[in-house]
>>> print(open('work.txt').read())   # compact mmCIF, C-alpha atoms
# COMPACT_ATOMS: atom_id res chain seq x y z
CA MET P 1 -44.46 -16.46 2.16
CA PRO P 2 -41.10 -15.38 0.76
CA GLN P 3 -40.60 -15.69 -2.95
CA GLN P 4 -38.20 -18.29 -4.19
CA LEU P 5 -35.20 -16.53 -5.65
CA GLU P 6 -34.40 -18.18 -8.93
CA TYR P 7 -30.92 -17.19 -9.79
CA LEU P 8 -27.48 -18.72 -9.70
CA LYS P 9 -26.03 -18.85 -6.23
CA GLU P 10 -22.78 -17.00 -5.81
CA THR P 11 -19.74 -19.23 -5.46
CA PRO P 12 -19.09 -19.38 -1.72
CA SER P 13 -16.24 -17.30 -0.44
CA GLN P 14 -13.28 -19.06 1.17
CA THR P 15 -10.54 -17.55 3.25
CA ALA P 16 -7.66 -15.97 1.36
CA GLY P 17 -5.39 -17.87 3.72
CA PRO P 18 -1.92 -16.85 4.87
CA TYR P 19 -0.28 -17.02 1.45
CA MET P 20 -2.44 -14.76 -0.72
CA HIS P 21 0.65 -12.69 -1.44
CA ILE P 22 1.79 -15.39 -3.88
CA GLY P 23 -1.08 -14.63 -6.19
CA LEU P 24 -1.85 -11.02 -5.38
CA ALA P 25 1.48 -9.50 -4.34
CA PRO P 26 4.22 -12.02 -5.18
CA GLY P 27 7.04 -9.65 -4.21
CA ALA P 28 5.86 -9.86 -0.62
CA ALA P 29 5.90 -13.66 -0.79
CA GLY P 30 9.55 -13.39 -1.69
CA PHE P 31 9.80 -13.69 -5.45
CA GLU P 32 9.28 -11.74 -8.65
CA ILE P 33 7.37 -13.29 -11.50
CA TYR P 34 5.14 -10.84 -13.35
CA ASP P 35 5.99 -8.36 -16.07
CA PRO P 36 4.01 -6.08 -16.12
CA ALA P 37 4.48 -6.05 -12.38
CA ALA P 38 1.95 -6.97 -9.74
CA LEU P 39 -1.26 -4.97 -10.05
CA GLY P 40 -2.55 -2.29 -7.71
CA GLN P 41 0.73 -0.57 -6.80
CA ASP P 42 -0.29 2.76 -8.32
CA ILE P 43 -3.79 4.00 -7.55
CA THR P 44 -3.76 7.39 -9.21
CA GLY P 45 -1.31 7.40 -12.10
CA PRO P 46 0.87 10.46 -12.78
CA ASN P 47 -1.79 12.88 -13.97
CA ALA P 48 -4.35 12.86 -11.18
CA ALA P 49 -5.49 16.23 -9.89
CA GLY P 50 -6.20 16.84 -6.24
CA GLU P 51 -4.56 16.74 -2.87
CA ARG P 52 -1.85 14.09 -2.54
CA ILE P 53 -2.35 12.17 0.67
CA ARG P 54 -1.11 9.09 2.46
CA ILE P 55 -3.44 6.66 4.22
CA GLU P 56 -2.07 4.37 6.87
CA GLY P 57 -3.25 2.19 9.68
CA LEU P 58 -3.28 -1.07 11.52
CA VAL P 59 -5.80 -3.88 11.55
CA THR P 60 -6.31 -5.30 15.02
CA ASP P 61 -8.04 -8.48 16.16
CA GLY P 62 -10.32 -9.13 19.12
CA THR P 63 -7.39 -9.16 21.53
CA GLY P 64 -6.24 -5.74 20.31
CA SER P 65 -3.20 -7.25 18.61
CA PRO P 66 -2.07 -6.26 15.13
CA VAL P 67 -3.10 -8.58 12.31
CA LYS P 68 0.14 -8.89 10.38
CA ASP P 69 -0.97 -10.81 7.31
CA VAL P 70 -3.78 -8.69 5.93
CA LEU P 71 -4.33 -7.61 2.35
CA LEU P 72 -6.51 -4.58 1.69
CA GLU P 73 -7.88 -3.28 -1.57
CA ALA P 74 -8.94 0.32 -2.02
CA TRP P 75 -11.49 1.62 -4.54
CA GLN P 76 -12.06 5.32 -4.89
CA ALA P 77 -13.19 8.14 -7.11
CA ASN P 78 -10.83 10.83 -8.34
CA ALA P 79 -10.71 14.32 -6.86
CA ALA P 80 -13.71 15.31 -8.97
CA GLY P 81 -15.78 12.45 -7.57
CA ILE P 82 -15.66 10.27 -10.70
CA TYR P 83 -14.98 6.54 -10.69
CA ALA P 84 -12.91 5.08 -13.52
CA HIS P 85 -15.75 2.87 -14.71
CA PRO P 86 -18.26 3.00 -17.58
CA GLU P 87 -21.24 2.94 -15.19
CA HIS P 88 -20.16 6.33 -13.88
CA PRO P 89 -20.50 9.22 -16.33
CA GLY P 90 -17.53 11.51 -16.57
CA GLU P 91 -13.85 11.35 -17.34
CA VAL P 92 -10.91 10.56 -15.13
CA GLU P 93 -7.31 11.58 -15.73
CA ALA P 94 -5.28 9.35 -18.06
CA GLY P 95 -3.74 6.59 -15.97
CA PHE P 96 -6.13 7.00 -13.04
CA ARG P 97 -7.54 3.61 -12.04
CA GLY P 98 -8.67 4.39 -8.50
CA TRP P 99 -7.85 0.91 -7.27
CA GLY P 100 -4.98 -0.27 -5.16
CA ARG P 101 -3.74 -3.22 -3.25
CA VAL P 102 -1.77 -2.92 -0.06
CA ILE P 103 -0.31 -5.46 2.32
CA THR P 104 0.78 -5.18 5.89
CA ASP P 105 4.33 -5.22 7.12
CA PHE P 106 4.89 -8.77 8.38
CA ASP P 107 6.64 -7.55 11.54
CA SER P 108 4.47 -4.63 12.63
CA GLY P 109 1.18 -5.06 10.80
CA GLU P 110 1.33 -1.45 9.61
CA TRP P 111 0.01 -0.72 6.14
CA GLY P 112 -0.16 2.43 4.04
CA PHE P 113 -0.65 3.77 0.54
CA GLU P 114 -0.37 7.02 -1.39
CA THR P 115 -3.29 8.44 -3.33
CA VAL P 116 -5.27 11.58 -3.96
CA LYS P 117 -8.14 12.62 -1.76
CA PRO P 118 -11.34 11.63 -3.56
CA GLY P 119 -14.16 14.05 -4.20
CA ALA P 120 -17.76 13.76 -3.05
CA VAL P 121 -19.81 11.29 -5.09
CA MET P 122 -23.50 11.37 -5.89
CA GLY P 123 -25.30 8.62 -4.01
CA ARG P 124 -28.82 7.22 -4.25
CA ASN P 125 -31.84 9.46 -4.54
CA GLY P 126 -29.79 12.54 -5.31
CA GLN P 127 -28.07 12.52 -1.92
CA MET P 128 -24.40 13.44 -2.06
CA MET P 129 -21.97 11.08 -0.37
CA ALA P 130 -19.04 12.60 1.49
CA PRO P 131 -15.57 11.85 0.09
CA HIS P 132 -14.68 8.27 0.94
CA ILE P 133 -12.49 5.34 -0.01
CA ASN P 134 -14.02 1.86 -0.17
CA LEU P 135 -11.90 -0.81 1.48
CA TRP P 136 -12.00 -4.58 1.22
CA ILE P 137 -10.06 -6.64 3.75
CA VAL P 138 -8.99 -10.27 3.46
CA ALA P 139 -6.71 -12.44 5.59
CA ARG P 140 -6.26 -15.84 7.11
CA GLY P 141 -9.17 -16.26 9.54
CA ILE P 142 -11.49 -14.03 7.50
CA ASN P 143 -13.90 -16.25 5.60
CA VAL P 144 -15.62 -13.55 3.55
CA GLY P 145 -13.80 -10.34 2.62
CA LEU P 146 -14.89 -7.41 4.79
CA ASN P 147 -16.17 -4.19 3.22
CA THR P 148 -15.87 -0.88 4.96
CA ARG P 149 -15.49 2.79 4.06
CA LEU P 150 -12.90 5.35 5.05
CA TYR P 151 -14.18 8.90 5.50
CA PHE P 152 -12.08 11.99 6.24
CA GLU P 153 -11.94 13.83 9.56
CA ASP P 154 -11.72 17.25 7.90
CA GLU P 155 -15.01 16.71 6.02
CA ALA P 156 -17.17 17.00 9.13
CA GLU P 157 -20.01 18.81 7.41
CA ALA P 158 -20.18 16.43 4.47
CA ASN P 159 -19.84 13.43 6.78
CA ALA P 160 -22.75 14.65 8.91
CA ALA P 161 -24.94 14.66 5.79
CA ASP P 162 -23.61 11.43 4.31
CA PRO P 163 -26.47 9.02 3.62
CA VAL P 164 -24.35 5.94 4.30
CA ILE P 165 -22.91 7.14 7.61
CA ASN P 166 -26.44 8.04 8.64
CA VAL P 167 -27.64 4.50 8.01
CA ILE P 168 -25.54 3.47 11.02
CA GLU P 169 -28.04 3.86 13.80
CA TRP P 170 -25.44 3.65 16.59
CA GLU P 171 -23.94 7.11 16.44
CA LYS P 172 -21.00 6.11 18.62
CA ARG P 173 -19.91 3.57 16.00
CA ARG P 174 -19.78 6.12 13.17
CA LYS P 175 -16.40 7.36 14.33
CA THR P 176 -14.87 4.00 13.39
CA LEU P 177 -15.13 5.13 9.76
CA ILE P 178 -13.39 8.49 10.18
CA ALA P 179 -9.67 8.72 9.34
CA LYS P 180 -7.67 11.19 11.44
CA ARG P 181 -5.67 13.82 9.61
CA SER P 182 -2.16 14.95 10.48
CA GLU P 183 0.94 16.22 8.72
CA ARG P 184 4.33 14.55 8.75
CA ASP P 185 7.35 15.96 6.94
CA GLY P 186 5.07 18.16 4.88
CA GLN P 187 2.87 15.26 3.78
CA VAL P 188 -0.77 14.87 4.69
CA VAL P 189 -1.33 11.56 6.46
CA TYR P 190 -4.67 10.05 7.42
CA ARG P 191 -4.67 7.38 10.11
CA PHE P 192 -7.32 4.67 9.79
CA ASP P 193 -7.11 1.77 12.22
CA ILE P 194 -9.50 -1.10 11.62
CA HIS P 195 -10.78 -3.19 14.52
CA LEU P 196 -12.10 -6.60 13.53
CA GLN P 197 -13.60 -7.13 16.98
CA GLY P 198 -13.82 -5.46 20.36
CA ASP P 199 -15.26 -2.32 21.90
CA ASP P 200 -14.45 -0.20 18.86
CA GLU P 201 -15.32 -2.80 16.24
CA THR P 202 -15.21 -1.10 12.85
CA VAL P 203 -18.48 -0.83 10.97
CA PHE P 204 -18.52 -3.33 8.11
CA PHE P 205 -21.07 -3.21 5.34
CA ASP P 206 -23.25 -5.91 3.83
CA ILE P 207 -23.33 -4.78 0.22
CA MET A 1 -42.11 -17.68 -9.76
CA THR A 2 -39.44 -15.28 -10.95
CA ILE A 3 -38.42 -11.95 -9.60
CA ALA A 4 -37.72 -8.77 -11.45
CA PRO A 5 -34.04 -8.35 -12.22
CA PRO A 6 -32.31 -5.59 -10.30
CA LYS A 7 -32.06 -2.16 -11.83
CA GLN A 8 -29.32 -1.85 -14.39
CA GLY A 9 -26.01 -1.77 -12.66
CA GLU A 10 -27.17 -2.94 -9.23
CA PHE A 11 -26.37 -6.33 -7.80
CA TYR A 12 -28.42 -8.80 -5.86
CA GLN A 13 -27.54 -8.59 -2.21
CA ARG A 14 -24.83 -11.07 -1.28
CA ASP A 15 -26.47 -14.00 0.54
CA ARG A 16 -24.50 -14.09 3.76
CA ARG A 17 -26.27 -17.24 4.95
CA TRP A 18 -24.90 -19.06 1.94
CA HIS A 19 -21.32 -17.96 2.46
CA PRO A 20 -19.31 -19.42 5.34
CA PRO A 21 -19.90 -17.70 8.66
CA ALA A 22 -17.24 -15.28 9.88
CA PHE A 23 -16.89 -17.10 13.21
CA HIS A 24 -16.25 -20.81 13.29
CA GLN A 25 -14.97 -22.60 16.39
CA ASN A 26 -13.29 -25.25 14.26
CA TYR A 27 -11.27 -22.67 12.39
CA LYS A 28 -9.15 -21.31 15.21
CA THR A 29 -7.87 -18.20 13.47
CA SER A 30 -11.41 -17.02 12.80
CA VAL A 31 -12.19 -16.73 16.51
CA ALA A 32 -10.38 -13.43 17.13
CA ARG A 33 -10.68 -12.16 13.57
CA SER A 34 -14.44 -12.39 13.08
CA PRO A 35 -16.58 -9.29 13.63
CA LYS A 36 -19.11 -9.83 16.39
CA LEU A 37 -21.60 -7.11 15.47
CA SER A 38 -23.93 -7.31 12.51
CA MET A 39 -22.83 -5.80 9.25
CA ILE A 40 -24.79 -2.75 8.16
CA SER A 41 -26.99 -3.51 5.16
CA LEU A 42 -26.27 -1.05 2.41
CA GLU A 43 -28.12 -0.51 -0.82
CA ASN A 44 -25.81 -0.29 -3.80
CA THR A 45 -24.48 3.15 -4.65
CA VAL A 46 -22.11 4.02 -7.44
CA SER A 47 -19.29 3.13 -5.05
CA GLU A 48 -20.42 -0.51 -5.05
CA ILE A 49 -21.58 -1.01 -8.64
CA THR A 50 -18.32 0.28 -10.05
CA GLY A 51 -14.98 -1.46 -9.69
CA PRO A 52 -11.54 -1.61 -11.21
CA ARG A 53 -11.15 -2.44 -14.88
CA PHE A 54 -8.18 -4.22 -16.32
CA GLY A 55 -6.87 -4.56 -19.84
CA HIS A 56 -4.61 -6.94 -21.64
CA SER A 57 -1.77 -4.46 -21.22
CA ASP A 58 -1.92 -5.13 -17.48
CA LEU A 59 -0.67 -8.67 -17.91
CA ALA A 60 1.41 -10.85 -20.19
CA PRO A 61 -0.03 -13.59 -22.41
CA GLY A 62 1.84 -16.36 -20.56
CA ASP A 63 0.72 -15.31 -17.10
CA ASN A 64 -1.96 -18.02 -17.10
CA ASP A 65 0.54 -20.84 -17.73
CA LEU A 66 1.95 -21.94 -14.39
CA LEU A 67 3.93 -24.68 -16.14
CA THR A 68 6.15 -22.08 -17.78
CA ASN A 69 5.70 -18.72 -16.07
CA TYR A 70 8.38 -19.43 -13.46
CA ALA A 71 10.22 -22.43 -14.95
CA GLN A 72 13.83 -22.31 -16.07
CA PRO A 73 14.32 -22.68 -19.82
CA GLU A 74 13.70 -26.28 -20.91
CA GLN A 75 12.54 -27.14 -17.39
CA SER A 76 9.09 -27.90 -16.04
CA PRO A 77 7.48 -28.16 -12.60
CA ILE A 78 6.98 -31.58 -11.01
CA GLY A 79 3.48 -32.97 -10.75
CA GLU A 80 0.38 -33.98 -12.62
CA ARG A 81 -0.26 -31.47 -15.38
CA ILE A 82 -3.80 -30.13 -15.37
CA ILE A 83 -5.90 -27.51 -17.09
CA VAL A 84 -8.18 -25.46 -14.85
CA HIS A 85 -10.87 -23.75 -16.85
CA GLY A 86 -14.33 -22.37 -16.46
CA ARG A 87 -16.52 -19.36 -16.86
CA VAL A 88 -17.30 -16.37 -14.73
CA LEU A 89 -21.08 -15.88 -14.69
CA ASP A 90 -23.31 -13.39 -12.95
CA GLU A 91 -26.36 -14.44 -10.97
CA ASN A 92 -28.52 -14.32 -14.08
CA ALA A 93 -26.12 -16.73 -15.82
CA ARG A 94 -24.77 -14.05 -18.09
CA PRO A 95 -21.05 -14.25 -18.85
CA VAL A 96 -18.79 -11.68 -17.24
CA PRO A 97 -16.26 -10.80 -19.94
CA ASN A 98 -12.91 -9.06 -19.50
CA THR A 99 -12.66 -9.60 -15.79
CA LEU A 100 -9.46 -10.45 -13.98
CA VAL A 101 -9.03 -13.94 -12.50
CA GLU A 102 -5.99 -14.64 -10.34
CA ILE A 103 -4.94 -17.95 -8.78
CA TRP A 104 -2.30 -19.18 -6.38
CA GLN A 105 -1.51 -22.60 -5.02
CA ALA A 106 0.98 -24.93 -3.39
CA ASN A 107 3.20 -27.08 -5.60
CA ALA A 108 2.79 -30.83 -6.03
CA SER A 109 4.35 -31.51 -2.62
CA GLY A 110 2.01 -29.14 -0.81
CA ARG A 111 4.61 -26.40 -0.34
CA TYR A 112 3.97 -22.75 -1.11
CA ARG A 113 6.62 -20.47 -2.53
CA HIS A 114 6.18 -18.03 0.34
CA LYS A 115 8.72 -16.86 2.85
CA LYS A 116 6.31 -17.65 5.69
CA ASP A 117 5.69 -21.26 4.66
CA ALA A 118 8.03 -23.64 6.49
CA TYR A 119 6.33 -26.93 5.60
CA LEU A 120 8.77 -29.77 4.90
CA GLY A 121 7.47 -30.26 1.36
CA ALA A 122 10.14 -29.29 -1.15
CA ILE A 123 10.19 -26.01 -3.03
CA ASP A 124 10.03 -26.69 -6.76
CA PRO A 125 12.60 -24.49 -8.48
CA ASN A 126 10.41 -24.41 -11.58
CA PHE A 127 7.13 -23.50 -9.98
CA GLY A 128 6.06 -20.07 -8.76
CA GLY A 129 2.49 -21.06 -8.01
CA CYS A 130 0.54 -18.07 -9.28
CA GLY A 131 -1.21 -17.08 -12.47
CA ARG A 132 -3.57 -14.45 -13.79
CA THR A 133 -5.74 -14.00 -16.83
CA MET A 134 -8.70 -12.08 -18.21
CA THR A 135 -11.95 -13.77 -19.15
CA ASP A 136 -12.83 -13.67 -22.83
CA GLU A 137 -16.04 -12.34 -24.34
CA ASN A 138 -17.90 -15.43 -23.10
CA GLY A 139 -16.58 -15.15 -19.58
CA TYR A 140 -14.24 -18.06 -20.20
CA TYR A 141 -10.83 -18.46 -18.61
CA TYR A 142 -8.19 -21.18 -18.37
CA PHE A 143 -4.91 -21.93 -16.67
CA ARG A 144 -2.30 -24.62 -17.15
CA THR A 145 -0.74 -25.81 -13.92
CA VAL A 146 0.12 -28.85 -11.83
CA LYS A 147 -2.24 -30.40 -9.32
CA PRO A 148 -1.31 -29.06 -5.87
CA GLY A 149 -0.50 -31.39 -2.99
CA ALA A 150 -2.40 -31.60 0.28
CA TYR A 151 -0.65 -30.39 3.43
CA PRO A 152 -1.22 -30.42 7.18
CA TRP A 153 -1.95 -27.14 8.95
CA ARG A 154 -1.88 -26.02 12.53
CA ASN A 155 -5.47 -26.21 13.69
CA TRP A 156 -6.87 -29.33 15.39
CA VAL A 157 -4.89 -32.55 15.51
CA ASN A 158 -4.05 -34.00 12.10
CA ASP A 159 -6.00 -31.35 10.16
CA TRP A 160 -5.09 -31.49 6.50
CA ARG A 161 -6.07 -29.06 3.81
CA PRO A 162 -7.34 -30.99 0.81
CA ALA A 163 -5.61 -30.10 -2.44
CA HIS A 164 -6.92 -26.69 -3.48
CA ILE A 165 -6.25 -23.65 -5.62
CA HIS A 166 -7.10 -20.16 -4.40
CA VAL A 167 -9.10 -18.11 -6.89
CA SER A 168 -9.62 -14.34 -6.86
CA VAL A 169 -12.35 -12.81 -9.04
CA PHE A 170 -13.36 -9.18 -9.59
CA GLY A 171 -16.62 -9.11 -11.55
CA THR A 172 -17.88 -5.75 -12.75
CA GLY A 173 -18.31 -3.94 -9.43
CA PHE A 174 -16.47 -3.75 -6.13
CA ALA A 175 -19.47 -5.39 -4.42
CA GLN A 176 -18.70 -8.58 -6.35
CA ARG A 177 -15.10 -8.87 -5.17
CA LEU A 178 -14.55 -12.49 -4.17
CA ILE A 179 -11.85 -14.88 -3.12
CA THR A 180 -12.67 -18.57 -3.07
CA GLN A 181 -10.90 -21.92 -3.34
CA LEU A 182 -11.39 -24.74 -5.80
CA TYR A 183 -11.08 -28.37 -4.73
CA PHE A 184 -10.78 -31.61 -6.69
CA GLU A 185 -13.63 -34.00 -7.20
CA GLY A 186 -13.16 -37.26 -5.30
CA ASP A 187 -10.52 -35.97 -2.88
CA PRO A 188 -11.10 -37.97 0.34
CA LEU A 189 -9.69 -35.13 2.47
CA ILE A 190 -12.49 -32.78 1.50
CA LYS A 191 -15.10 -34.06 3.91
CA THR A 192 -12.75 -33.89 6.90
CA CYS A 193 -11.66 -30.33 6.27
CA PRO A 194 -13.14 -27.69 8.58
CA SER A 195 -12.55 -25.17 5.84
CA TRP A 196 -14.88 -27.08 3.58
CA ARG A 197 -17.42 -28.00 6.24
CA ARG A 198 -17.83 -24.42 7.31
CA SER A 199 -18.47 -23.38 3.76
CA ARG A 200 -21.90 -25.03 3.57
CA ILE A 201 -21.30 -26.13 0.04
CA PRO A 202 -23.92 -28.73 -0.79
CA THR A 203 -22.61 -31.77 -2.60
CA PRO A 204 -24.19 -35.18 -3.12
CA SER A 205 -21.66 -36.74 -0.74
CA SER A 206 -21.54 -34.01 1.88
CA SER A 207 -22.20 -35.05 5.41
>>> encode(input="work.txt", output="structure tokens")
Amino acid sequence: MPQQLEYLKETPSQTAGPYMHIGLAPGAAGFEIYDPAALGQDITGPNAAGERIRIEGLVTDGTGSPVKDVLLEAWQANAAGIYAHPEHPGEVEAGFRGWGRVITDFDSGEWGFETVKPGAVMGRNGQMMAPHINLWIVARGINVGLNTRLYFEDEAEANAADPVINVIEWEKRRKTLIAKRSERDGQVVYRFDIHLQGDDETVFFDI
Amino acid sequence: MTIAPPKQGEFYQRDRRWHPPAFHQNYKTSVARSPKLSMISLENTVSEITGPRFGHSDLAPGDNDLLTNYAQPEQSPIGERIIVHGRVLDENARPVPNTLVEIWQANASGRYRHKKDAYLGAIDPNFGGCGRTMTDENGYYYFRTVKPGAYPWRNWVNDWRPAHIHVSVFGTGFAQRLITQLYFEGDPLIKTCPSWRRSRIPTPSSS
């Protein structure tokens, strides 16, 4: 018989609704209020080492249509694979937070942010995790924020050995986590489209 | 019977059967935006047990006072003045200090200051509708604001959202990232709201 779990229950999630910009990105709602400005605009700070990259994509729903009112948060290590957090030994560059907030364009649904490419991070049991960015997605119609990971196309060898990718038993679904690399006007751009539903439904994690 | 606490730094797995389900027929927008495949269960790695850290330099002392943070000098928003306060606790009832709490809400007439909200409720020139603060060493936070109004929304016929305030909480790791909504005790609209019903929140009067 299962044990009774005696701990406080987490407050239930509720949808972020259509107007989360007011609280999380007021400029997008149409007004300015905070000084210091809204948080999450600068992921890396000015001193971060590593390759400067841009990540962009589209979130689509079960009909294949763009979801135009999404908010995403990104959480990543620096180029040396260190998170800016006391639980992770090591130092990050001054001003590096590794966290960002990005909203979609209301007309197109496109989103994008600038950062540095993270380094590989040590995972459980001494297994190295391939470079990745953790993403959290909220919107109207999403009752509990969705967690996924973005991995990089040009890290094929590290991805093949990644202990998290390898937990996904359907090999054909693993590609939903791989961002495609290209160059545009001299800048490295990774494309990462997220499918909430459908044939190519993105892998989401229960963490 | 009690269970052993998780290893330092790791979190209890989020209880997805306690949170509202992704798909709910009575919440129309969820139908095309809810993943259909199971999420992949993932044991915590450093990517999940770490998360962004904020300091008092990230915000201003008055950011938690919605009565003044957008009001004109000598002016004040319309509505019943309230204090919203509480504590952020982990599942072992330990306070979570120095974590960011952000809120947003409609004004007293049920209108959001958002360029996408076209409800006939009046915009209050002295109310922005958002606030942010850090919990203190005991996990305590508070906001001053006005009680938001209820408003109808496009779902089923005559569906009204009960008065509510959206709340965003970080915790200590990205796995704890949460957005929820707070409602007001005794509000007769609560039990008719699909948003509430789908949340499975047990209350003495729930039906």
>>> interface_residues(input="work.txt", of="chain P", to="chain A", cutoff="7 Å", atoms="only C-alpha atoms", output="ChimeraX atom specification")
/P:4-10,12-16,19,22-23,29-30,33,35-36,61-63,75,85,87,97,99,123-124,140-144,168,196-197,203-207
>>> residues_near_point(input="work.txt", point="(-13.1, -0.6, 1.0)", cutoff="6 Å", atoms="all atoms listed in the file", output="ChimeraX atom specification")
/P:74,134-136,147-149
>>> write_last_selection(input="work.txt", atoms="C-alpha atoms", output="short mmCIF file (atom, residue, chain, number, x, y, z; two decimals), keeping the file's coordinate frame")
data_model
loop_
_atom_site.label_atom_id
_atom_site.label_comp_id
_atom_site.auth_asym_id
_atom_site.auth_seq_id
_atom_site.Cartn_x
_atom_site.Cartn_y
_atom_site.Cartn_z
CA ALA P 74 -8.94 0.32 -2.02
CA ASN P 134 -14.02 1.86 -0.17
CA LEU P 135 -11.90 -0.81 1.48
CA TRP P 136 -12.00 -4.58 1.22
CA ASN P 147 -16.17 -4.19 3.22
CA THR P 148 -15.87 -0.88 4.96
CA ARG P 149 -15.49 2.79 4.06
#
>>> axis_aligned_box(input="work.txt", around="segment 173-178 of chain A", padding_each_side="4 Å", output="AutoDock Vina command-line options")
--center_x -17.0 --center_y -8.1 --center_z -6.8 --size_x 12.9 --size_y 16.7 --size_z 13.3
>>> residues_around(input="work.txt", residues="Ser182 of chain P", least_positions_apart="3", cutoff="12 Å", atoms="all atoms listed in the file", output="tab-separated table (two decimals) with C-alpha atoms, in the frame of the given file")
chain	number	residue	atom	x	y	z
P	53	ILE	CA	-2.35	12.17	0.67
P	54	ARG	CA	-1.11	9.09	2.46
P	55	ILE	CA	-3.44	6.66	4.22
P	56	GLU	CA	-2.07	4.37	6.87
P	152	PHE	CA	-12.08	11.99	6.24
P	153	GLU	CA	-11.94	13.83	9.56
P	154	ASP	CA	-11.72	17.25	7.90
P	179	ALA	CA	-9.67	8.72	9.34
P	185	ASP	CA	7.35	15.96	6.94
P	186	GLY	CA	5.07	18.16	4.88
P	187	GLN	CA	2.87	15.26	3.78
P	188	VAL	CA	-0.77	14.87	4.69
P	189	VAL	CA	-1.33	11.56	6.46
P	190	TYR	CA	-4.67	10.05	7.42
P	191	ARG	CA	-4.67	7.38	10.11
P	192	PHE	CA	-7.32	4.67	9.79
>>> atom_distance(input="work.txt", atom1="atom CA of Asn107 of chain A", atom2="atom CA of Pro148 of chain A")
4.9 Å
>>> atom_distance(input="work.txt", atom1="atom CA of Arg184 of chain P", atom2="atom CA of Ala48 of chain P")
21.8 Å
>>> atom_distance(input="work.txt", atom1="atom CA of Ile78 of chain A", atom2="atom CA of Asp124 of chain A")
7.2 Å
>>> closest_residue(input="work.txt", among="A:Gly110, A:Gly186, A:Gly79, A:Pro125", to="Pro152 of chain A", atoms="only C-alpha atoms")
A:Gly110
>>> residues_near_point(input="work.txt", point="(-15.3, 0.4, 18.1)", cutoff="10 Å", atoms="all atoms listed in the file", output="PyMOL selection string")
chain P and resi 172-177+194-203
>>> residues_around(input="work.txt", residues="His85 of chain A", least_positions_apart="6", cutoff="10 Å", atoms="all atoms listed in the file", output="JSON, numbers by chain")
{"A": [140, 141, 142, 143, 144]}
>>> residues_around(input="work.txt", residues="Gly119 of chain P", least_positions_apart="4", cutoff="10 Å", atoms="only C-alpha atoms", output="list of chain:residue names")
P:Gly50, P:Gln76, P:Ala77, P:Asn78, P:Ala79, P:Ala80, P:Gly81, P:Ile82, P:Tyr83, P:Met129, P:Ala130, P:Pro131, P:His132, P:Ile133
>>> closest_residue(input="work.txt", among="A:Val84, A:Leu100, A:Ala150, A:Val169", to="Gly55 of chain A", atoms="only C-alpha atoms")
A:Leu100
